[in-house]
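Raw final-v2.cif, mmCIF, C-alpha atoms and all ligand atoms:
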data_final
#
loop_
_atom_site.label_atom_id
_atom_site.label_comp_id
_atom_site.auth_asym_id
_atom_site.auth_seq_id
_atom_site.Cartn_x
_atom_site.Cartn_y
_atom_site.Cartn_z
CA MET T 651 1.53 -33.69 -5.86
CA GLY T 652 2.29 -30.49 -4.08
CA PHE T 653 4.68 -27.68 -4.62
CA PHE T 654 7.72 -29.85 -3.87
CA GLY T 655 6.89 -32.15 -6.71
CA PHE T 656 6.56 -29.28 -9.06
CA LEU T 657 9.73 -27.66 -7.85
CA PHE T 658 12.02 -30.67 -7.83
CA GLY T 659 10.42 -32.69 -10.58
CA ARG T 660 12.24 -30.63 -13.14
CA GLU T 661 15.62 -29.10 -13.71
CA PRO T 662 15.91 -25.67 -12.15
CA ALA T 663 16.42 -22.97 -14.74
CA GLY T 664 19.92 -21.59 -15.03
CA THR T 665 23.01 -23.01 -13.40
CA SER T 666 23.91 -23.16 -9.74
CA ASP T 667 27.49 -22.04 -10.12
CA LYS T 668 27.94 -20.61 -6.66
CA SER T 669 31.64 -19.85 -7.07
CA SER T 670 31.05 -17.25 -9.76
CA ALA T 671 27.99 -15.82 -8.10
CA SER T 672 28.69 -12.18 -7.52
CA MET T 673 26.07 -10.57 -5.28
CA PRO T 674 23.96 -8.74 -7.82
CA SER T 675 23.63 -11.72 -10.15
CA ALA T 676 23.57 -14.47 -7.58
CA ALA T 677 20.39 -16.36 -8.40
CA GLY T 678 20.78 -18.88 -11.16
CA GLY T 679 23.37 -16.70 -12.86
CA ARG T 680 20.65 -14.20 -13.64
CA PRO T 681 20.85 -10.52 -12.86
CA MET T 682 19.07 -9.63 -9.63
CA THR T 683 16.41 -7.39 -11.10
CA ARG T 684 14.33 -5.22 -8.81
CA ALA T 685 11.46 -7.70 -9.12
CA ARG T 686 13.74 -10.56 -8.02
CA LEU T 687 15.08 -8.55 -5.10
CA ILE T 688 11.54 -7.72 -4.00
CA PHE T 689 10.64 -11.38 -4.32
CA LEU T 690 13.70 -12.41 -2.28
CA SER T 691 12.69 -9.86 0.39
CA LYS T 692 9.51 -11.83 0.94
CA PHE T 693 11.61 -14.60 2.48
CA ASN T 694 13.16 -12.34 5.10
CA ALA T 695 10.87 -14.19 7.49
CA ALA T 696 9.76 -17.75 6.80
CA ARG T 697 7.13 -17.95 4.05
CA ILE T 698 4.72 -20.82 3.56
CA LEU T 699 4.27 -21.70 -0.11
CA ASN T 700 1.23 -23.01 -1.92
CA SER T 701 1.23 -24.15 -5.52
CA ASP T 702 0.03 -20.73 -6.64
CA SER T 703 2.01 -18.57 -4.21
CA PHE T 704 3.24 -15.34 -5.73
CA ASN T 705 1.72 -16.05 -9.15
CA TYR T 706 0.80 -12.36 -9.21
CA LEU T 707 4.52 -11.59 -9.49
CA GLU T 708 5.02 -13.68 -12.62
CA THR T 709 4.77 -10.74 -15.01
CA ASP T 710 7.29 -8.69 -13.08
CA LEU T 711 9.63 -11.66 -12.67
CA GLY T 712 9.39 -12.68 -16.29
CA GLU T 713 8.99 -16.36 -15.37
CA ALA T 714 7.10 -18.57 -12.96
CA PRO T 715 7.82 -17.71 -9.30
CA SER T 716 8.37 -21.42 -8.60
CA ARG T 717 11.30 -21.41 -11.05
CA VAL T 718 12.79 -18.35 -9.40
CA ILE T 719 12.47 -20.06 -6.02
CA ALA T 720 14.42 -23.02 -7.38
CA GLN T 721 17.10 -20.62 -8.59
CA PHE T 722 17.23 -18.90 -5.21
CA VAL T 723 17.68 -22.28 -3.53
CA SER T 724 20.46 -23.25 -5.95
CA ALA T 725 22.20 -19.95 -5.32
CA ASP T 726 21.99 -20.47 -1.55
CA LEU T 727 19.81 -17.38 -1.08
CA ILE T 728 16.91 -19.20 0.56
CA GLU T 729 16.62 -22.53 2.37
CA PRO T 730 13.82 -24.65 3.80
CA ALA T 731 12.48 -23.11 7.00
CA SER T 732 13.05 -24.80 10.35
CA LEU T 733 10.35 -26.90 12.00
CA ALA T 734 9.78 -24.12 14.55
CA ASP T 735 9.32 -21.56 11.77
CA LYS T 736 6.94 -23.83 9.91
CA VAL T 737 4.80 -24.40 13.01
CA ALA T 738 4.86 -20.71 13.89
CA HIS T 739 3.81 -19.60 10.40
CA PHE T 740 1.42 -22.39 9.51
CA PHE T 741 -0.83 -22.25 12.57
CA SER T 742 -2.81 -19.26 13.73
CA ALA T 743 -2.57 -18.10 17.33
CA SER T 744 -5.88 -19.75 18.19
CA GLN T 745 -4.84 -23.00 16.51
CA LEU T 746 -1.63 -22.98 18.55
CA LYS T 747 -3.70 -22.52 21.72
CA GLU T 748 -5.82 -25.47 20.69
CA LEU T 749 -2.68 -27.56 20.17
CA LEU T 750 -1.36 -26.52 23.60
CA ARG T 751 -4.65 -27.61 25.19
CA SER T 752 -4.65 -30.94 23.36
CA HIS T 753 -1.14 -31.56 24.72
CA ALA T 754 -2.25 -30.55 28.24
CA LEU T 755 0.21 -27.67 28.17
CA PRO T 756 -0.40 -24.26 29.79
CA VAL T 757 -2.00 -21.81 27.37
CA SER T 758 -0.03 -18.64 27.97
CA GLY T 759 2.83 -16.62 26.55
CA THR T 760 3.67 -15.42 23.09
CA LYS T 761 3.38 -17.35 19.84
CA ALA T 762 7.11 -18.11 19.97
CA VAL T 763 6.77 -19.50 23.49
CA ALA T 764 3.80 -21.64 22.42
CA VAL T 765 5.82 -23.10 19.53
CA GLU T 766 8.77 -23.80 21.84
CA LYS T 767 6.53 -25.60 24.36
CA LEU T 768 4.90 -27.69 21.64
CA LEU T 769 8.23 -28.70 20.10
CA GLN T 770 9.65 -29.64 23.50
CA ALA T 771 6.61 -31.73 24.32
CA ASP T 772 6.01 -33.36 20.95
CA ALA T 773 8.53 -32.53 18.20
CA ALA T 774 7.68 -35.66 16.20
CA GLY T 775 3.95 -34.93 16.32
CA MET T 776 4.49 -31.34 15.21
CA ALA T 777 6.75 -32.50 12.37
CA THR T 778 4.00 -34.83 11.19
CA LEU T 779 1.42 -32.02 11.27
CA VAL T 780 3.52 -29.81 8.99
CA ALA T 781 5.07 -32.59 6.90
CA ASN T 782 3.33 -31.34 3.76
CA VAL T 783 4.03 -27.69 4.41
CA THR T 784 6.66 -26.06 2.22
CA ALA T 785 8.32 -22.98 3.66
CA TYR T 786 11.49 -21.09 2.86
CA ILE T 787 13.51 -18.42 4.59
CA CYS T 788 16.54 -16.39 3.54
CA THR T 789 19.97 -17.81 4.26
CA ASP T 790 22.57 -15.48 5.82
CA LYS T 791 23.72 -14.68 2.30
CA GLY T 792 20.13 -13.96 1.26
CA HIS T 793 19.59 -11.73 4.31
CA VAL T 794 22.66 -9.65 3.41
CA ILE T 795 21.31 -9.05 -0.11
CA VAL T 796 17.84 -8.21 1.22
CA ASP T 797 19.28 -5.77 3.76
CA GLN T 798 21.35 -4.03 1.08
CA PHE T 799 18.33 -3.86 -1.18
CA LYS T 800 16.11 -2.42 1.55
CA ALA T 801 18.70 0.25 2.29
CA SER T 802 18.95 1.16 -1.39
CA GLU T 803 15.15 1.26 -1.71
CA ILE T 804 14.90 3.64 1.23
CA ALA T 805 17.56 5.83 -0.34
CA ARG T 806 15.76 5.76 -3.70
CA TYR T 807 12.49 6.72 -2.03
CA GLN T 808 14.14 9.54 -0.12
CA VAL T 809 15.65 11.00 -3.29
CA ALA T 810 12.28 10.87 -5.11
CA GLU T 811 10.46 12.25 -2.07
CA GLN T 812 12.84 15.21 -1.67
CA LEU T 813 12.76 15.96 -5.38
CA THR T 814 8.94 15.87 -5.51
CA LEU T 815 8.69 17.97 -2.36
CA ALA T 816 11.08 20.58 -3.73
CA LYS T 817 9.12 20.78 -6.99
CA LEU T 818 5.80 21.18 -5.19
CA ARG T 819 7.21 23.87 -2.91
CA ALA T 820 8.51 25.69 -5.97
CA GLY T 821 5.08 25.48 -7.60
CA ASP T 822 6.32 23.12 -10.33
CA ILE T 823 3.37 20.72 -10.34
CA PRO T 824 4.21 18.98 -13.65
CA GLY T 825 7.77 18.42 -12.39
CA ALA T 826 6.46 16.98 -9.11
CA VAL T 827 4.00 14.67 -10.87
CA ASP T 828 6.76 13.40 -13.17
CA ALA T 829 9.23 12.88 -10.30
CA ALA T 830 6.71 10.83 -8.32
CA ALA T 831 5.67 8.86 -11.39
CA ALA T 832 9.31 8.05 -12.24
CA TYR T 833 9.73 6.62 -8.74
CA GLY T 834 6.48 4.68 -8.97
CA LYS T 835 7.32 3.14 -12.33
CA GLU T 836 10.38 1.46 -10.80
CA SER T 837 8.47 0.12 -7.83
CA VAL T 838 7.15 -3.41 -8.01
CA GLY T 839 4.21 -4.23 -5.81
CA HIS T 840 4.05 -0.70 -4.41
CA ASN T 841 2.40 1.43 -7.01
CA PRO T 842 1.64 4.92 -5.85
CA ILE T 843 -1.73 6.25 -6.93
CA ALA T 844 0.17 8.63 -9.17
CA ILE T 845 0.89 6.00 -11.79
CA VAL T 846 -2.57 4.43 -11.76
CA LEU T 847 -4.08 7.51 -13.34
CA SER T 848 -2.88 9.10 -16.55
CA ARG T 849 -0.34 11.92 -16.34
CA GLU T 850 -3.06 14.34 -17.37
CA ASP T 851 -5.39 13.20 -14.56
CA ASN T 852 -2.58 13.33 -12.01
CA LEU T 853 -1.80 16.88 -13.09
CA ARG T 854 -5.44 17.88 -12.92
CA LEU T 855 -5.94 16.39 -9.47
CA THR T 856 -2.72 17.82 -8.07
CA LYS T 857 -3.66 21.26 -9.37
CA LEU T 858 -7.11 20.91 -7.80
CA ILE T 859 -5.49 20.04 -4.46
CA PHE T 860 -3.63 23.37 -4.54
CA HIS T 861 -6.84 25.14 -5.48
CA CYS T 862 -8.95 23.72 -2.60
CA ARG T 863 -9.32 25.43 0.74
CA PRO T 864 -12.27 23.57 2.28
CA LYS T 865 -14.19 25.71 4.77
CA LEU T 866 -14.23 22.74 7.15
CA LEU T 867 -10.60 23.53 7.96
CA LYS T 868 -10.70 26.65 10.02
CA GLY T 869 -8.06 29.01 11.24
CA LEU T 870 -5.29 28.19 8.77
CA THR T 871 -2.91 30.98 7.84
CA THR T 872 -1.62 31.47 4.29
CA GLY T 873 1.58 29.74 5.38
CA ASP T 874 -0.42 26.83 6.86
CA TRP T 875 -2.30 26.40 3.60
CA GLU T 876 0.96 26.25 1.63
CA ILE T 877 2.23 23.50 3.92
CA ALA T 878 -1.12 21.69 3.88
CA HIS T 879 -1.43 21.75 0.08
CA VAL T 880 2.08 20.39 -0.38
CA ALA T 881 1.44 17.67 2.21
CA SER T 882 -1.87 16.74 0.59
CA ALA T 883 -0.26 16.52 -2.86
CA MET T 884 2.54 14.34 -1.41
CA THR T 885 0.06 11.88 0.13
CA PHE T 886 -1.70 11.70 -3.22
CA LEU T 887 1.40 11.31 -5.38
CA PHE T 888 3.02 8.71 -3.13
CA GLY T 889 -0.16 6.89 -2.13
CA SER T 890 0.62 7.57 1.52
CA ARG T 891 -1.97 7.24 4.27
CA SER T 892 -0.22 9.69 6.51
CA ALA T 893 0.74 13.27 5.78
CA LYS T 894 2.76 13.60 8.98
CA PRO T 895 6.18 13.18 7.29
CA TRP T 896 5.52 16.47 5.51
CA LEU T 897 3.94 18.40 8.34
CA PRO T 898 5.63 20.31 11.15
CA ALA T 899 4.89 18.75 14.55
CA THR T 900 3.03 21.90 15.54
CA PHE T 901 0.59 21.76 12.64
CA GLY T 902 -2.93 21.99 14.03
CA VAL T 903 -6.39 22.52 12.57
CA ASN T 904 -9.64 23.41 14.32
CA GLY T 905 -7.84 22.90 17.63
CA ASN T 906 -8.20 19.14 17.73
CA LEU T 907 -8.71 17.71 14.24
CA ASP T 908 -6.20 14.96 13.49
CA PRO T 909 -3.66 16.45 11.04
CA ASP T 910 -3.93 13.38 8.79
CA VAL T 911 -7.71 13.83 8.65
CA ALA T 912 -7.31 17.52 7.88
CA ILE T 913 -4.89 16.85 5.02
CA ARG T 914 -7.14 14.08 3.70
CA MET T 915 -10.03 16.57 3.63
CA ILE T 916 -8.08 18.73 1.15
CA TRP T 917 -7.55 15.74 -1.13
CA PHE T 918 -11.21 14.86 -0.62
CA ALA T 919 -12.29 18.36 -1.62
CA ALA T 920 -10.17 18.12 -4.78
CA LYS T 921 -11.61 14.71 -5.61
CA THR T 922 -15.21 15.87 -5.17
CA LEU T 923 -14.56 18.88 -7.44
CA TRP T 924 -13.13 16.47 -9.97
CA ASP T 925 -16.25 14.31 -9.68
CA LEU T 926 -18.49 17.36 -10.18
CA ASP T 927 -16.53 18.33 -13.29
CA ARG T 928 -16.93 14.90 -14.75
CA PHE T 929 -20.64 14.85 -13.92
CA ARG T 930 -21.05 18.22 -15.63
CA GLU T 931 -19.18 17.01 -18.71
CA VAL T 932 -21.70 14.23 -19.27
CA GLY T 933 -24.75 16.41 -18.74
CA VAL T 934 -25.66 15.79 -15.11
CA ARG T 935 -27.88 18.63 -13.86
CA THR T 936 -28.24 17.92 -10.16
CA VAL T 937 -26.39 15.95 -7.51
CA ARG T 938 -27.55 14.36 -4.32
CA VAL T 939 -25.46 14.14 -1.16
CA SER T 940 -24.95 10.64 0.16
CA GLY T 941 -23.77 10.39 3.76
CA CYS T 942 -22.70 7.43 5.87
CA GLY T 943 -26.04 6.99 7.63
CA SER T 944 -25.77 6.73 11.39
CA ALA T 945 -21.97 6.68 11.10
CA SER T 946 -22.12 10.33 10.03
CA CYS T 947 -22.34 13.26 12.41
CA PRO T 948 -25.80 14.94 12.84
CA GLN T 949 -24.75 17.78 10.51
CA CYS T 950 -23.82 15.38 7.71
CA GLN T 951 -26.99 13.36 8.34
CA ALA T 952 -28.98 16.57 7.91
CA ILE T 953 -27.66 17.17 4.37
CA SER T 954 -27.65 13.51 3.35
CA GLY T 955 -30.18 12.85 0.61
CA LYS T 956 -30.56 16.53 -0.28
CA LYS T 957 -30.51 17.47 -3.93
CA PHE T 958 -28.60 20.44 -5.35
CA PRO T 959 -28.25 21.97 -8.80
CA ILE T 960 -24.74 21.01 -9.86
CA ALA T 961 -23.70 24.66 -10.10
CA ALA T 962 -24.76 25.27 -6.49
CA ALA T 963 -23.78 22.01 -4.84
CA VAL T 964 -22.99 22.24 -1.15
CA GLU T 965 -19.25 22.11 -0.52
CA LEU T 966 -17.87 18.69 0.34
CA PRO T 967 -16.26 18.04 2.77
CA TYR T 968 -19.20 19.65 4.55
CA GLU T 969 -18.27 22.84 6.32
CA HIS T 970 -20.19 21.95 9.49
CA CYS T 971 -19.12 18.30 9.69
CA THR T 972 -18.00 17.20 13.15
CA CYS T 973 -17.11 13.59 12.26
CA GLU T 974 -13.88 12.55 13.93
CA LEU T 975 -12.80 10.72 10.78
CA GLY T 976 -13.63 13.73 8.65
CA CYS T 977 -16.52 14.17 6.26
CA ARG T 978 -17.28 11.13 4.13
CA CYS T 979 -20.31 12.50 2.29
CA LEU T 980 -20.26 12.01 -1.46
CA TYR T 981 -22.08 13.44 -4.45
CA VAL T 982 -24.20 10.95 -6.30
CA LEU T 983 -26.05 11.46 -9.55
CA GLY T 984 -29.27 13.41 -9.33
CA ASP T 985 -31.04 14.37 -12.55
CA PHE T 986 -29.43 13.51 -15.80
CA LYS T 987 -30.08 15.04 -19.17
CA PHE T 988 -28.49 14.11 -22.45
CA SER T 989 -27.15 17.15 -24.21
CA GLY T 990 -28.27 17.96 -27.74
ZN ZN L 1001 -19.80 14.75 9.34
#

Take the structure in the file and write it out as C-alpha cells.
Ligand SMILES: [Zn+2]
Amino acid sequence: MGFFGFLFGREPAGTSDKSSASMPSAAGGRPMTRARLIFLSKFNAARILNSDSFNYLETDLGEAPSRVIAQFVSADLIEPASLADKVAHFFSASQLKELLRSHALPVSGTKAVAVEKLLQADAAGMATLVANVTAYICTDKGHVIVDQFKASEIARYQVAEQLTLAKLRAGDIPGAVDAAAAYGKESVGHNPIAIVLSREDNLRLTKLIFHCRPKLLKGLTTGDWEIAHVASAMTFLFGSRSAKPWLPATFGVNGNLDPDVAIRMIWFAAKTLWDLDRFREVGVRTVRVSGCGSASCPQCQAISGKKFPIAAAVELPYEHCTCELGCRCLYVLGDFKFSG
C-alpha cells in the first residue's frame, strides 16, 4: 500500500468547506501558517511523493505532511499532476533518452520535448509506467497563494536585510545580530547561520569579522575595508554564499581576486581567530597548518604541516596564498597540555 492508500484510507483532517475558505485560511479551515505556505510552495511545480516525503517538515507543520496534503487537496490548493508532469518528474534525463531509444524515437531536444514525443507515441505505455507514482501540483488557486506568499517573503527579507545593513553600517553589531536572528527565527527551512549559533557566539564572530584585515587582501582603502567588513558580516548573518548584493560593482581586490572570495577570506580570518581562541581556552600550546594537499597553491603547500606556537601562529588565510578559491588552510591541534 503506497501513499495513496495512506492518504485516502482515512478521513482528511478538518473540513473541506470551500465556500467559506478565505485565502489565508484556505486549507482544511486551518490558518495558513508560514510552514503551511512554505509547504504549499513546494507544489509550485509538480512534486513526486513517497510515503515519507516531507517528513522533515512535520515539526514545523504541527502534523503529518500527508494530512496537510489531504487538506490542501480538499481546499482545491493542489491537484494530481498531469501524466506529462509525472513522466517529466519521475524519469531522469538519461532514463527518458533510454525510453526514446526503446520506442525507436529520435533522441534529441529538451526534456519537455522528449516527454511530448513519448506521450504522442505511447501514452498508454507511459501511463502504465507511472501508474504507481503519486504527484501533485498547485491549482490556479494554489498558485495565486504561493505567488502572494513569495512576494511577501521577498518583502520580509528586504526589510530585515536593510535593517541589518543599517545597523552594521552604524556600528551597532548587537542590533544587527538581533535583526538577522529575528528574520531567521521566522524562516522555515531556510535558517541563516546566525540562528544556529548562540547570540553570544554570533556577536563574537561578527565582532571578529570587523576586527580582521587579512594581509592576503591587498590594496584596500579604509573605505573599502568598511564596505568589506559589512558585506562579510551580512554573508555570515544571512548565510549567503555571495557578498555581491552588498558590494559596489567596482569593488576589486588584488586586481583580480573574485570579490566573493575576498569577502569570504575576511569571514575565514575571523573564524580561524575564533578557533585559535577556543584552542587556547582548553590549553592547546601549538597548532599545525593543514592545507588541501595538491589542491592548494605552492605557497600554501609550503606551510602545510608546519607547527607554530599558538601565540605566533601564521596568519590564516595565508598572506602569500595564490589559490583562485582563496586560502583553505586550517589550524589543527598541535601539542596539548592540560592546565593545572
Ligand atoms: Zn593557497

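Residues lying within 12 Å of stretch 820-822 of chain T, counting only C-alpha atoms and ignoring same-chain neighbours fewer than 4 positions away, are Leu813, Thr814, Leu815, Ala816, Ala826, Val827, Asp828, Ala829, Leu853, Thr856, Lys857, Phe860, Glu876, Ile877, His879, Val880 and Ala883 of chain T.
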
Write out, as a PDB file, in the coordinates of the input, the residues just selected, with C-alpha atoms.
ATOM      1  CA  LEU T 813      12.760  15.960  -5.380  1.00  0.00           C
ATOM      2  CA  THR T 814       8.940  15.870  -5.510  1.00  0.00           C
ATOM      3  CA  LEU T 815       8.690  17.970  -2.360  1.00  0.00           C
ATOM      4  CA  ALA T 816      11.080  20.580  -3.730  1.00  0.00           C
ATOM      5  CA  ALA T 826       6.460  16.980  -9.110  1.00  0.00           C
ATOM      6  CA  VAL T 827       4.000  14.670 -10.870  1.00  0.00           C
ATOM      7  CA  ASP T 828       6.760  13.400 -13.170  1.00  0.00           C
ATOM      8  CA  ALA T 829       9.230  12.880 -10.300  1.00  0.00           C
ATOM      9  CA  LEU T 853      -1.800  16.880 -13.090  1.00  0.00           C
ATOM     10  CA  THR T 856      -2.720  17.820  -8.070  1.00  0.00           C
ATOM     11  CA  LYS T 857      -3.660  21.260  -9.370  1.00  0.00           C
ATOM     12  CA  PHE T 860      -3.630  23.370  -4.540  1.00  0.00           C
ATOM     13  CA  GLU T 876       0.960  26.250   1.630  1.00  0.00           C
ATOM     14  CA  ILE T 877       2.230  23.500   3.920  1.00  0.00           C
ATOM     15  CA  HIS T 879      -1.430  21.750   0.080  1.00  0.00           C
ATOM     16  CA  VAL T 880       2.080  20.390  -0.380  1.00  0.00           C
ATOM     17  CA  ALA T 883      -0.260  16.520  -2.860  1.00  0.00           C
TER      18      ALA T 883
END

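Surrounding residues of (-6.8, 24.4, 3.4) at most 9 Å away are Phe860, His861, Cys862, Arg863, Pro864, Lys865, Leu866, Leu867, Lys868, Leu870, Thr871, Thr872, Asp874, Trp875, Glu876, Ala878, His879, Ala912, Ile913, Met915 and Ile916 of chain T (based on only C-alpha atoms).
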
List as a PyMOL selection string the protein and nucleic acid residues lying within 6 Å of ligand ZN 1001 (chain L), with all atoms listed in the file counted. chain T and resi 946-947+949-950+971-973+977

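If you count all atoms listed in the file and ignore residues fewer than 2 places along the chain from T:Asp735, what sits within 9 Å of it is Ala695, Ala696, Arg697, Ala731, Ser732, Leu733, Val737, Ala738, His739, Phe740, Val765, Ala785 and Ile787 of chain T.
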
Same residues, C-alpha atoms, saved as an mmCIF file, in the frame of the given file:
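Below is the file that was written, out_8.cif:
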data_model
loop_
_atom_site.group_PDB
_atom_site.id
_atom_site.type_symbol
_atom_site.label_atom_id
_atom_site.label_comp_id
_atom_site.auth_asym_id
_atom_site.auth_seq_id
_atom_site.Cartn_x
_atom_site.Cartn_y
_atom_site.Cartn_z
ATOM 1 C CA ALA T 695 10.870 -14.190 7.490
ATOM 2 C CA ALA T 696 9.760 -17.750 6.800
ATOM 3 C CA ARG T 697 7.130 -17.950 4.050
ATOM 4 C CA ALA T 731 12.480 -23.110 7.000
ATOM 5 C CA SER T 732 13.050 -24.800 10.350
ATOM 6 C CA LEU T 733 10.350 -26.900 12.000
ATOM 7 C CA VAL T 737 4.800 -24.400 13.010
ATOM 8 C CA ALA T 738 4.860 -20.710 13.890
ATOM 9 C CA HIS T 739 3.810 -19.600 10.400
ATOM 10 C CA PHE T 740 1.420 -22.390 9.510
ATOM 11 C CA VAL T 765 5.820 -23.100 19.530
ATOM 12 C CA ALA T 785 8.320 -22.980 3.660
ATOM 13 C CA ILE T 787 13.510 -18.420 4.590
#

So, counting only C-alpha atoms, which residue among T:Ala961, T:Lys835, T:Leu926, T:Lys921 is closest to T:Asn852? T:Lys921

Surrounding residues of T:Ala830 excluding itself and chain neighbours under 6 positions, 7 Å, only C-alpha atoms, as a list in words: Ala810, Thr814, Ala844, Leu887 and Phe888 of chain T

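Residues lying within 9 Å of T:Ser892, counting all atoms listed in the file and ignoring same-chain neighbours fewer than 5 positions away, are Thr885, Pro909, Asp910, Val911, Ile913 and Arg914 of chain T.
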
Write the residues you've just listed into a file as a PDB file, in the coordinates of the input, and include C-alpha atoms for each of them.
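This went into selection.pdb:
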ATOM      1  CA  THR T 885       0.060  11.880   0.130  1.00  0.00           C
ATOM      2  CA  PRO T 909      -3.660  16.450  11.040  1.00  0.00           C
ATOM      3  CA  ASP T 910      -3.930  13.380   8.790  1.00  0.00           C
ATOM      4  CA  VAL T 911      -7.710  13.830   8.650  1.00  0.00           C
ATOM      5  CA  ILE T 913      -4.890  16.850   5.020  1.00  0.00           C
ATOM      6  CA  ARG T 914      -7.140  14.080   3.700  1.00  0.00           C
TER       7      ARG T 914
END

Closest to T:Glu803 among T:Ile688, T:Val939, T:Ala773, T:Cys788, using all atoms listed in the file? T:Ile688

Quick one: everything within 12 Å of T:Arg806, counting only C-alpha atoms, minus sequence neighbours fewer than 2 positions away in the same chain. Send it as a PyMOL selection string. chain T and resi 799-804+808-813+829-830+832-834+836-837

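Of note, atom CA of T:Leu966 and atom CA of T:Arg891 are spaced 20.0 Å apart.
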
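For the pair atom CA of T:Asn782 and atom CA of T:Arg717, the separation is 19.5 Å.
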
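The gap separating atom CA of T:Arg854 from atom CA of T:Thr922 is 12.6 Å, in Å to one decimal.
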
In terms of all atoms listed in the file, the residue from T:Ser940, T:Thr683, T:Ser703, T:Asn694 at minimal distance from T:Val794 is T:Asn694
